[in-house]
Structure formats: C-alpha cells, structure tokens
file run_1.txt (compact mmCIF, C-alpha atoms and all ligand atoms)
# COMPACT_ATOMS: atom_id res chain seq x y z
CA MET A 1 -7.27 -16.09 -171.69
CA SER A 2 -5.26 -12.97 -172.58
CA ILE A 3 -6.53 -11.59 -175.85
CA GLY A 4 -3.66 -9.32 -176.94
CA ILE A 5 -3.79 -6.06 -178.86
CA LEU A 6 -4.83 -7.48 -182.22
CA HIS A 7 -8.04 -8.91 -180.82
CA LYS A 8 -8.74 -5.98 -178.51
CA TYR A 9 -8.04 -3.18 -181.00
CA GLY A 10 -8.34 -5.13 -184.27
CA ASP A 11 -10.81 -2.62 -185.74
CA TYR A 12 -8.22 0.15 -185.47
CA ILE A 13 -5.14 -1.71 -186.72
CA ASP A 14 -4.32 -2.08 -190.39
CA LEU A 15 -3.46 -5.77 -190.65
CA GLY A 16 -3.94 -6.06 -194.41
CA GLY A 17 -5.78 -9.38 -194.24
CA ALA A 18 -3.27 -11.19 -192.01
CA THR A 19 -4.54 -13.57 -189.31
CA PRO A 20 -4.25 -11.96 -185.86
CA ILE A 21 -1.98 -13.78 -183.41
CA SER A 22 -1.33 -13.12 -179.72
CA MET A 23 1.09 -13.66 -176.89
CA GLY A 24 -1.07 -11.58 -174.56
CA GLU A 25 0.63 -8.26 -175.25
CA GLY A 26 -0.75 -4.91 -174.11
CA ASP A 27 -3.24 -4.11 -171.34
CA THR A 28 -0.30 -3.04 -169.18
CA PRO A 29 -0.70 -1.26 -165.81
CA LEU A 30 -1.17 2.51 -165.72
CA LEU A 31 -0.25 3.51 -162.18
CA TYR A 32 -0.64 6.81 -160.36
CA SER A 33 2.64 7.90 -158.78
CA GLU A 34 2.08 9.61 -155.44
CA TYR A 35 5.80 10.30 -155.17
CA LEU A 36 6.24 11.95 -158.57
CA SER A 37 2.94 13.83 -158.37
CA GLU A 38 3.88 15.32 -155.01
CA LYS A 39 7.36 16.17 -156.24
CA THR A 40 6.18 17.98 -159.39
CA GLY A 41 2.70 19.27 -158.51
CA ALA A 42 1.27 17.46 -161.55
CA SER A 43 -0.75 14.21 -161.65
CA ILE A 44 1.77 11.69 -162.92
CA TYR A 45 0.87 8.23 -164.20
CA LEU A 46 3.30 5.51 -165.19
CA LYS A 47 2.58 3.19 -168.13
CA VAL A 48 4.43 0.04 -167.10
CA GLU A 49 5.39 -1.54 -170.40
CA GLY A 50 7.79 -4.00 -168.77
CA CYS A 51 4.67 -6.07 -168.11
CA ASN A 52 4.43 -7.13 -171.76
CA PRO A 53 5.22 -10.81 -172.54
CA SER A 54 8.93 -10.37 -173.29
CA GLY A 55 9.29 -7.49 -170.84
CA SER A 56 9.10 -4.42 -173.08
CA PHE A 57 6.78 -2.36 -175.31
CA LYS A 58 8.31 -4.00 -178.38
CA ASP A 59 5.80 -6.86 -178.17
CA ARG A 60 2.94 -4.55 -179.20
CA GLY A 61 4.63 -3.95 -182.54
CA MET A 62 6.15 -7.40 -182.89
CA VAL A 63 2.78 -9.18 -182.79
CA VAL A 64 1.65 -7.17 -185.83
CA ALA A 65 4.93 -7.54 -187.75
CA VAL A 66 4.94 -11.29 -187.10
CA SER A 67 1.29 -11.69 -188.16
CA LYS A 68 2.32 -10.13 -191.47
CA ALA A 69 5.48 -12.26 -191.72
CA LEU A 70 3.38 -15.41 -191.32
CA GLN A 71 0.90 -14.21 -193.96
CA LYS A 72 3.82 -13.66 -196.36
CA ASN A 73 5.20 -17.10 -195.53
CA LYS A 74 8.51 -15.68 -194.29
CA LYS A 75 10.80 -18.03 -192.39
CA VAL A 76 13.34 -15.81 -190.65
CA LEU A 77 12.81 -12.75 -188.46
CA VAL A 78 15.80 -10.41 -188.53
CA CYS A 79 16.45 -7.27 -186.54
CA ALA A 80 19.24 -4.99 -185.38
CA SER A 81 18.77 -4.33 -181.72
CA THR A 82 20.01 -2.78 -178.52
CA GLY A 83 18.35 -5.80 -176.88
CA ASN A 84 14.60 -5.50 -176.43
CA THR A 85 13.56 -5.83 -180.06
CA SER A 86 15.73 -8.93 -180.29
CA ALA A 87 14.21 -10.45 -177.13
CA SER A 88 10.73 -9.78 -178.49
CA ALA A 89 11.44 -11.08 -182.01
CA SER A 90 13.01 -14.26 -180.61
CA ALA A 91 10.01 -14.92 -178.35
CA TYR A 92 7.51 -14.64 -181.22
CA ALA A 93 9.79 -16.70 -183.49
CA ALA A 94 9.87 -19.45 -180.87
CA LYS A 95 6.09 -19.55 -180.50
CA PHE A 96 5.21 -19.27 -184.17
CA GLY A 97 7.78 -21.70 -185.59
CA LEU A 98 10.12 -19.17 -187.18
CA ILE A 99 13.88 -18.63 -186.99
CA SER A 100 15.16 -15.41 -185.44
CA ALA A 101 18.52 -13.88 -186.27
CA ILE A 102 19.45 -10.87 -184.22
CA ILE A 103 22.23 -8.40 -184.99
CA VAL A 104 23.48 -6.64 -181.86
CA PRO A 105 26.32 -4.26 -180.97
CA ASN A 106 28.95 -6.48 -179.38
CA GLY A 107 29.37 -5.77 -175.66
CA ASN A 108 26.63 -3.16 -175.57
CA ILE A 109 23.48 -5.06 -174.84
CA ALA A 110 22.25 -5.76 -171.33
CA LYS A 111 22.88 -9.26 -170.02
CA GLY A 112 19.24 -10.14 -169.36
CA LYS A 113 18.24 -9.34 -172.94
CA LEU A 114 20.97 -11.52 -174.35
CA ALA A 115 19.96 -14.30 -171.97
CA GLN A 116 16.36 -14.00 -173.20
CA ALA A 117 17.34 -14.24 -176.88
CA MET A 118 19.52 -17.26 -176.11
CA ALA A 119 16.77 -18.96 -174.14
CA PHE A 120 14.38 -18.46 -177.06
CA GLY A 121 16.94 -20.10 -179.35
CA ALA A 122 17.86 -17.09 -181.47
CA LYS A 123 20.87 -16.95 -183.76
CA ILE A 124 22.91 -14.17 -182.18
CA ILE A 125 25.23 -12.11 -184.34
CA ALA A 126 27.31 -9.60 -182.39
CA VAL A 127 28.92 -7.00 -184.67
CA ASP A 128 31.93 -4.88 -183.73
CA GLY A 129 30.01 -1.66 -184.20
CA SER A 130 27.07 0.33 -182.88
CA PHE A 131 23.33 -0.29 -183.18
CA ASP A 132 23.37 2.15 -186.12
CA ASP A 133 25.97 -0.02 -187.93
CA ALA A 134 23.86 -3.11 -187.26
CA LEU A 135 20.73 -1.43 -188.62
CA ASN A 136 22.60 -0.36 -191.78
CA ILE A 137 23.43 -4.00 -192.45
CA VAL A 138 19.87 -5.13 -191.74
CA ARG A 139 18.51 -2.60 -194.26
CA LYS A 140 20.58 -4.37 -196.94
CA LEU A 141 18.77 -7.67 -196.27
CA GLU A 142 15.48 -6.22 -197.52
CA ASN A 143 15.39 -8.26 -200.71
CA GLU A 144 16.16 -11.65 -199.15
CA SER A 145 12.95 -13.58 -199.87
CA SER A 146 12.77 -15.65 -196.68
CA ILE A 147 13.62 -12.76 -194.33
CA GLU A 148 11.22 -10.38 -192.60
CA ILE A 149 12.89 -7.32 -191.08
CA VAL A 150 11.16 -6.59 -187.76
CA ASN A 151 12.81 -3.33 -186.77
CA SER A 152 10.53 -0.30 -186.51
CA ILE A 153 11.39 0.56 -190.14
CA ASN A 154 8.72 -2.13 -190.68
CA PRO A 155 5.51 -0.01 -190.56
CA TYR A 156 3.56 -2.82 -188.88
CA ARG A 157 5.70 -2.36 -185.76
CA ILE A 158 4.47 1.24 -185.44
CA GLU A 159 0.93 0.11 -186.19
CA GLY A 160 1.00 -2.15 -183.11
CA GLN A 161 2.88 0.16 -180.77
CA LYS A 162 0.26 2.89 -181.26
CA THR A 163 -2.16 0.81 -179.13
CA ALA A 164 -0.46 1.99 -175.93
CA ALA A 165 -1.87 5.46 -176.69
CA PHE A 166 -5.34 3.91 -177.02
CA GLU A 167 -4.99 2.28 -173.60
CA ILE A 168 -3.96 5.55 -171.94
CA ILE A 169 -7.00 7.36 -173.37
CA ASP A 170 -9.29 4.45 -172.46
CA SER A 171 -8.11 4.86 -168.84
CA LEU A 172 -7.70 8.61 -168.40
CA SER A 173 -9.92 10.10 -171.17
CA SER A 174 -7.21 12.64 -172.00
CA ILE A 175 -3.75 13.73 -170.87
CA ASP A 176 -1.78 16.97 -171.23
CA TYR A 177 1.71 15.51 -171.77
CA LEU A 178 3.23 12.17 -172.75
CA CYS A 179 6.84 11.70 -171.60
CA ILE A 180 8.80 9.05 -173.43
CA PRO A 181 12.39 7.83 -173.85
CA VAL A 182 13.67 8.18 -177.42
CA GLY A 183 16.20 5.89 -179.09
CA ASN A 184 15.46 4.83 -182.66
CA ALA A 185 12.40 7.10 -182.36
CA GLY A 186 9.78 4.56 -183.45
CA ASN A 187 7.83 4.59 -180.22
CA ILE A 188 7.28 8.35 -179.96
CA SER A 189 6.09 8.24 -183.59
CA ALA A 190 3.78 5.31 -182.80
CA TYR A 191 2.19 7.02 -179.78
CA TRP A 192 1.53 10.16 -181.78
CA LYS A 193 -0.09 8.13 -184.58
CA GLY A 194 -2.20 6.38 -181.95
CA PHE A 195 -3.32 9.58 -180.25
CA LYS A 196 -4.22 11.24 -183.56
CA GLU A 197 -6.19 8.25 -184.86
CA TYR A 198 -8.01 7.71 -181.57
CA ALA A 199 -8.88 11.42 -181.34
CA ASN A 200 -10.90 11.02 -184.54
CA LEU A 201 -13.00 8.39 -182.79
CA LYS A 202 -13.12 9.58 -179.19
CA ASN A 203 -12.86 13.33 -179.48
CA PHE A 204 -10.29 14.32 -176.84
CA LYS A 205 -7.63 17.03 -176.73
CA LEU A 206 -4.31 15.75 -178.08
CA PRO A 207 -1.38 15.67 -175.63
CA LYS A 208 1.95 17.37 -176.15
CA MET A 209 4.71 14.86 -176.85
CA LEU A 210 7.85 15.22 -174.71
CA GLY A 211 10.76 13.06 -175.87
CA PHE A 212 13.93 12.41 -173.89
CA GLN A 213 17.28 11.17 -175.19
CA ALA A 214 20.36 10.33 -173.18
CA GLU A 215 22.83 13.20 -173.27
CA GLY A 216 25.58 11.11 -174.90
CA ALA A 217 23.15 9.80 -177.51
CA ALA A 218 20.99 12.79 -178.35
CA PRO A 219 21.11 13.27 -182.14
CA ILE A 220 17.61 14.74 -182.45
CA VAL A 221 18.20 17.21 -179.62
CA LYS A 222 21.54 18.25 -181.10
CA GLY A 223 20.31 18.17 -184.70
CA LYS A 224 23.18 16.01 -185.91
CA ILE A 225 24.15 12.35 -186.23
CA ILE A 226 26.23 11.16 -183.27
CA ASN A 227 28.93 8.80 -184.52
CA ASN A 228 29.93 7.33 -181.19
CA PRO A 229 26.82 7.47 -179.03
CA ASP A 230 27.45 6.70 -175.39
CA THR A 231 25.21 6.16 -172.40
CA LEU A 232 24.80 3.50 -169.74
CA ALA A 233 21.17 3.32 -170.86
CA THR A 234 22.22 0.95 -173.65
CA ALA A 235 18.65 0.51 -174.93
CA ILE A 236 18.74 4.08 -176.28
CA ARG A 237 22.41 4.20 -177.26
CA ILE A 238 21.61 5.29 -180.82
CA GLY A 239 23.24 8.02 -182.89
CA ASN A 240 21.14 8.06 -186.06
CA PRO A 241 17.51 7.14 -185.34
CA ALA A 242 15.58 5.51 -188.18
CA SER A 243 12.37 7.40 -187.35
CA TRP A 244 14.09 10.77 -186.84
CA LYS A 245 11.76 12.65 -189.23
CA SER A 246 8.51 11.21 -187.91
CA ALA A 247 9.62 11.89 -184.34
CA GLU A 248 10.28 15.52 -185.23
CA LEU A 249 6.86 15.68 -186.84
CA ALA A 250 5.22 14.23 -183.71
CA ILE A 251 6.95 16.86 -181.60
CA SER A 252 6.10 19.79 -183.85
CA GLU A 253 2.50 18.76 -184.62
CA SER A 254 1.79 18.28 -180.91
CA ASN A 255 3.57 21.48 -179.82
CA GLY A 256 5.84 19.26 -177.74
CA SER A 257 9.60 19.22 -177.36
CA ILE A 258 12.63 16.96 -177.11
CA HIS A 259 15.37 17.19 -174.48
CA SER A 260 18.35 15.29 -173.18
CA VAL A 261 18.90 13.87 -169.71
CA THR A 262 22.25 12.89 -168.24
CA ASP A 263 23.12 9.35 -167.15
CA ASN A 264 23.09 10.62 -163.56
CA GLU A 265 19.56 11.95 -163.93
CA ILE A 266 18.47 8.68 -165.55
CA ILE A 267 19.97 6.60 -162.74
CA LYS A 268 18.44 8.77 -160.04
CA SER A 269 14.98 8.25 -161.53
CA TYR A 270 15.69 4.56 -162.14
CA VAL A 271 16.47 4.06 -158.45
CA ASN A 272 13.54 6.22 -157.31
CA LEU A 273 11.08 4.35 -159.54
CA ALA A 274 12.11 1.20 -157.69
CA ARG A 275 12.31 2.70 -154.18
CA ARG A 276 9.28 5.03 -154.30
CA ASP A 277 6.94 3.49 -156.85
CA GLY A 278 7.85 -0.19 -156.60
CA ILE A 279 8.55 -0.30 -160.33
CA TYR A 280 11.64 -2.17 -161.42
CA CYS A 281 12.58 -0.90 -164.88
CA GLU A 282 15.78 -0.77 -166.88
CA PRO A 283 17.77 2.50 -166.95
CA ALA A 284 16.59 3.70 -170.40
CA SER A 285 13.00 3.27 -169.26
CA ALA A 286 13.49 5.91 -166.59
CA ALA A 287 14.49 8.63 -169.09
CA GLY A 288 10.92 9.93 -169.42
CA VAL A 289 10.58 10.27 -165.66
CA ALA A 290 14.01 11.89 -165.36
CA GLY A 291 12.92 14.26 -168.11
CA ILE A 292 9.70 15.44 -166.50
CA ILE A 293 11.46 16.03 -163.18
CA LYS A 294 14.00 18.16 -165.01
CA LEU A 295 11.33 20.06 -166.98
CA SER A 296 9.21 20.64 -163.88
CA LYS A 297 11.97 22.95 -162.65
CA GLU A 298 11.85 24.95 -165.90
CA ILE A 299 8.16 25.09 -166.82
CA ASP A 300 4.96 25.14 -164.78
CA ILE A 301 3.34 21.72 -165.00
CA SER A 302 1.27 21.97 -161.83
CA GLY A 303 -2.20 20.51 -162.19
CA LYS A 304 -1.37 18.83 -165.52
CA ASN A 305 -2.18 15.20 -166.29
CA ILE A 306 0.99 13.49 -167.40
CA THR A 307 1.82 9.93 -168.41
CA CYS A 308 5.41 8.71 -168.44
CA VAL A 309 6.10 5.59 -170.46
CA VAL A 310 8.29 3.15 -168.52
CA THR A 311 9.42 1.07 -171.45
CA GLY A 312 11.13 -2.11 -170.19
CA ASN A 313 11.59 -4.47 -167.25
CA GLY A 314 14.44 -4.09 -164.74
CA LEU A 315 15.28 -7.79 -164.82
CA LYS A 316 16.82 -7.22 -168.22
CA ASP A 317 19.79 -5.29 -166.85
CA PRO A 318 21.10 -6.96 -163.69
CA VAL A 319 24.54 -5.39 -164.00
CA ASN A 320 23.35 -1.79 -163.74
CA SER A 321 20.93 -2.84 -161.05
CA GLU A 322 23.72 -4.26 -158.94
CA LYS A 323 25.89 -1.23 -159.62
CA PHE A 324 23.35 1.47 -158.81
CA ALA A 325 20.47 -0.03 -156.86
CA SER A 326 21.88 -2.67 -154.55
CA THR A 327 21.60 -2.89 -150.77
CA ASN A 328 23.67 -4.77 -148.19
CA ILE A 329 23.33 -8.52 -147.85
CA HIS A 330 23.44 -9.50 -144.18
CA GLU A 331 25.05 -12.93 -143.99
CA VAL A 332 24.09 -14.56 -140.69
CA LYS A 333 23.86 -17.98 -139.03
CA SER A 334 20.45 -19.57 -139.54
CA GLU A 335 19.33 -18.75 -135.99
CA LEU A 336 16.34 -16.68 -134.88
CA ASN A 337 18.40 -14.24 -132.80
CA GLU A 338 20.85 -13.57 -135.61
CA VAL A 339 18.04 -12.92 -138.08
CA LEU A 340 16.24 -10.59 -135.64
CA LYS A 341 19.47 -8.70 -135.00
CA ALA A 342 19.93 -8.24 -138.74
CA ILE A 343 16.34 -7.04 -139.21
CA ASN A 344 16.79 -4.39 -136.51
CA LYS A 345 20.27 -3.29 -137.57
CA LYS A 346 20.57 0.18 -139.13
CA ASP A 347 22.19 -0.09 -142.60
N1 LIG B 401 13.22 2.06 -173.96
C1 LIG B 401 13.67 0.82 -174.14
C2 LIG B 401 13.70 -0.09 -172.96
C3 LIG B 401 14.09 0.38 -175.42
O1 LIG B 401 14.51 -0.86 -175.58
C4 LIG B 401 14.05 1.30 -176.50
C5 LIG B 401 14.49 0.89 -177.83
C6 LIG B 401 13.56 2.58 -176.25
C7 LIG B 401 13.16 2.94 -174.98
C8 LIG B 401 13.46 3.60 -177.31
O2 LIG B 401 12.42 3.34 -178.22
O3 LIG B 401 13.76 3.12 -180.27
O4 LIG B 401 11.29 3.38 -180.37
O5 LIG B 401 12.74 5.28 -179.68
N2 LIG B 401 15.03 -0.20 -178.09
C9 LIG B 401 15.37 -0.70 -179.43
C10 LIG B 401 15.81 -2.14 -179.38
C11 LIG B 401 16.23 0.20 -180.22
O6 LIG B 401 16.57 -2.58 -180.26
O7 LIG B 401 15.39 -2.86 -178.48
P1 LIG B 401 12.55 3.81 -179.72

call {"tool": "encode", "arguments": {"input": "run_1.txt", "output": "structure tokens", "more": "lines below"}}
Ligand code: F0G
result
Amino acid sequence: MSIGILHKYGDYIDLGGATPISMGEGDTPLLYSEYLSEKTGASIYLKVEGCNPSGSFKDRGMVVAVSKALQKNKKVLVCASTGNTSASASAYAAKFGLISAIIVPNGNIAKGKLAQAMAFGAKIIAVDGSFDDALNIVRKLENESSIEIVNSINPYRIEGQKTAAFEIIDSLSSIDYLCIPVGNAGNISAYWKGFKEYANLKNFKLPKMLGFQAEGAAPIVKGKIINNPDTLATAIRIGNPASWKSAELAISESNGSIHSVTDNEIIKSYVNLARRDGIYCEPASAAGVAGIIKLSKEIDISGKNITCVVTGNGLKDPVNSEKFASTNIHEVKSELNEVLKAINKKD
C-alpha cells in the first residue's frame, strides 16, 4: 500500500498532533534526462510531480493541510486557484468527507483541471477576475468557522511540499541547482525550507535556487505587482504572489536567482519534454526546464548536478497540447495494406 509523505517523513513534518492521512502522495520519479544533459553539459534530473494522486505537487501540501482541517473539525475546504490546487483540494475533500469550494479565474483555468474538480464534486465559483482577485476574496473568509483555507498561505501546505526536497536528497545526496517554476511562490519557498531542514540532519551542501516566471507574469523578476498577468501557462498566471517575500529570501539565502522565460521558450521545452524525455507535463511545468536551457547559454553549468521540478501532468491541459504538440491523424480503411502504408508514410 502507498504510504504517502506523512507516514514516510512524519518525523520531519510539524503536524501539531493531527492524525496523518494519505492518498499516496510523494515518492515521485526522479529521472535522468539524456537529452537535456547532452544539450547543456550538466547532469539534469527531472522530478516528475505530475505522478502525484491528483496530478500535481499540490497533493504533498494538501495532505498536511487536510489532516489539520480534520483535526479542527472543519467542514469546507476553500481555495483560490489557477487549477491544480483546486483539483487537489477537491480530491481530498471527496475522500475525507468534506465539501470543497474552489474560486477560479473565469476562463483562465485549463480544461482538465476543471474537469477534475467537477468529477470530485466540488462547488466551482468562477470569478470575473484574476487568480490574485480570487485569492484576495479567499483571504477574507479566514474567520468563517467551518472553512479551512487550503492555499499556500496555509503554512501546512508549505510543510508538506518541502518533502520533495527530501526525496531529491535521498536519491542524489546533493545537487548544485534546483530549477522551479514560480507562480504564487509557495513551492520555491517550500523546497528551500526542505533543503535547509534536511541539511541539518544529513549534512550536504545546499543547492542554489533558480526560479522561473512566465514573462507576462513575472512580478518578482520585475520587482512590481503585475495587474494584468498574461501567459498561456495559466497555472503560473499570477501578478502578486502570496509568498513573494519568502521566495526572495530563498533566492538570496541560497545565492540563487529568478528569471523570466517567454511563452515560446516554455512551449519549446514543453514539447521537447514530451518528445525527448517521454514526460507529458502541462506548459507551466516546463518553465524550469526552459529556464535552465536559457541560463546554460549565459553561465557555465557544465558538470553541475541539476534537478528541474516538472510540476504537473500534461493531461490537465488538452487544449494547449492539441495546439502545440499534436501530430497528424491518418484516417484509413481498416485494412492491413492501408495501415502499413500509413505506418511507412513520411509525415
Ligand atoms: N506549476 C504548476 C503546474 C502549478 O499549478 C503552479 C501553481 C506552479 C507551478 C507554481 O507554484 O504557486 O507554488 O509558485 N499553481 C497554483 C494553483 C497557483 O492554484 O494551482 P507556486
């Protein structure tokens, strides 16, 4: 049976007396990329977080936040979301007998994520604003007694997400750089917390944190709130990240840096992850890979050990997949000769 992060890393997670639950989150693949390593001269590993139960890294944090919600006898999980947090919250709500109410930017969440939340029976509230507007409303629900807010402003989310750093160190002993997409900036903060805490126990050299935002939604890179963030990587379409300060701290404490990547660069890496590494992720998840390819042309990373976090599953965003990563469909009669002809035809 899958044990999940709370049973595997329970000694290192502050659960405050709550009963650990599990949907089998964590223990995701860490794969060596021959393609990216050859291209950059570094040793590049991919942490495939789309293999979590609801298809993204959010489950690592959700399992902790929901353990706490159950301990506090809360009835309703609420979050603002660009899609993955809402899919995760709704899955845990379904399993643990809670209601989930998700507040999403109308028209700006990928179809697969919406389909997931619907399948899990969530109450879906689509606001005519951005993720940042939705999160502002959610913050105001803080004092509702039956509601547990499960965005990463809930510290238990960060507490769970830090376990991905533990897994990387358990596999590789140490790394030089961690490359990670940045949206609301909770995950980069969580990884840094994880690396620091684990270094006290395991004694390894801390990695530099490299964060990557989409160019049209790069408030931390630009040092100012973006009022109308825009990128096709809707998961990270965020103009005023909640964990802005802790992300900046992670970057400065680790001697890392934060950069932007264009939608074109994101899509190129998204397609190459599928075609060269066999990893089907959503566009935002490719931002870390796009980022290290870009940086490899500016700084010398040869010989370095690098892990790129690939944050969510490609099945969540079929529309962008069809738009940017489709191939021809050969429609033929169901006859052997026709099928053979199609197999041998040059596309
Ligand atoms: N990658 C994916 C696939 C995401 O869904 C998110 C965030 C990120 C990266 C960025 O992580 O916010 O911790 O910096 N998604 C949130 C959501 C905002 O609502 O699902 P972050």

call {"tool": "closest_atom_pairs", "arguments": {"input": "run_1.txt", "of": "chain A", "to": "ligand LIG 401 (chain B)", "cutoff": "8 Å", "atoms": "all atoms listed in the file", "output": "tab-separated table"}}
result
residue	atom	partner	partner_atom	distance
A:Ser56	CA	B:LIG401	C2	6.3
A:Phe57	CA	B:LIG401	C2	7.7
A:Lys58	CA	B:LIG401	O7	7.2
A:Cys79	CA	B:LIG401	O6	7.8
A:Ala80	CA	B:LIG401	O6	6.3
A:Ser81	CA	B:LIG401	O6	3.2
A:Thr82	CA	B:LIG401	O6	3.9
A:Gly83	CA	B:LIG401	O7	4.5
A:Asn84	CA	B:LIG401	O7	3.4
A:Thr85	CA	B:LIG401	O7	3.8
A:Ser86	CA	B:LIG401	O7	6.3
A:Ala87	CA	B:LIG401	O7	7.8
A:Phe131	CA	B:LIG401	C11	7.7
A:Asn151	CA	B:LIG401	O6	7.6
A:Ser152	CA	B:LIG401	O4	7.2
A:Ile180	CA	B:LIG401	C7	7.7
A:Pro181	CA	B:LIG401	C7	5.1
A:Val182	CA	B:LIG401	O5	3.8
A:Gly183	CA	B:LIG401	O5	3.6
A:Asn184	CA	B:LIG401	O3	3.4
A:Ala185	CA	B:LIG401	O5	3.3
A:Gly186	CA	B:LIG401	O4	3.6
A:Asn187	CA	B:LIG401	O4	3.7
A:Ile188	CA	B:LIG401	O5	6.3
A:Ser189	CA	B:LIG401	O4	7.8
A:Ala235	CA	B:LIG401	O1	4.4
A:Ile236	CA	B:LIG401	C6	5.4
A:Arg237	CA	B:LIG401	C11	7.9
A:Ile238	CA	B:LIG401	C11	7.4
A:Pro241	CA	B:LIG401	O3	7.5
A:Ser243	CA	B:LIG401	O5	8.0
A:Glu282	CA	B:LIG401	C2	6.5
A:Pro283	CA	B:LIG401	C2	7.7
A:Ala284	CA	B:LIG401	N1	5.2
A:Ser285	CA	B:LIG401	N1	4.9
A:Val310	CA	B:LIG401	N1	7.4
A:Thr311	CA	B:LIG401	N1	4.7
A:Gly312	CA	B:LIG401	C2	4.3
A:Asn313	CA	B:LIG401	C2	7.5

call {"tool": "atom_distance", "arguments": {"input": "run_1.txt", "atom1": "atom CA of A:Ser254", "atom2": "atom CA of A:Cys51"}}
result
27.7 Å

call {"tool": "residues_around", "arguments": {"input": "run_1.txt", "residues": "A:Leu30", "least_positions_apart": "6", "cutoff": "7 Å", "atoms": "all atoms listed in the file", "output": "CSV table (one decimal) with C-alpha atoms, in the frame of the given file"}}
result
chain,number,residue,atom,x,y,z
A,45,TYR,CA,0.9,8.2,-164.2
A,46,LEU,CA,3.3,5.5,-165.2
A,47,LYS,CA,2.6,3.2,-168.1
A,48,VAL,CA,4.4,0.0,-167.1

call {"tool": "closest_residue", "arguments": {"input": "run_1.txt", "among": "A:Glu197, A:Glu248, A:Asp128, A:Glu298", "to": "A:Val221", "atoms": "all atoms listed in the file"}}
result
A:Glu248

call {"tool": "atom_distance", "arguments": {"input": "run_1.txt", "atom1": "atom CA of A:Ala42", "atom2": "atom CA of A:Ala247"}}
result
24.9 Å

call {"tool": "residues_near_point", "arguments": {"input": "run_1.txt", "point": "(3.6, 11.0, -162.3)", "cutoff": "7 Å", "atoms": "all atoms listed in the file", "output": "ChimeraX atom specification"}}
result
/A:32-33,36-37,42-46,306-308

call {"tool": "atom_distance", "arguments": {"input": "run_1.txt", "atom1": "atom CA of A:Asp230", "atom2": "atom CA of A:Ala214"}}
result
8.3 Å
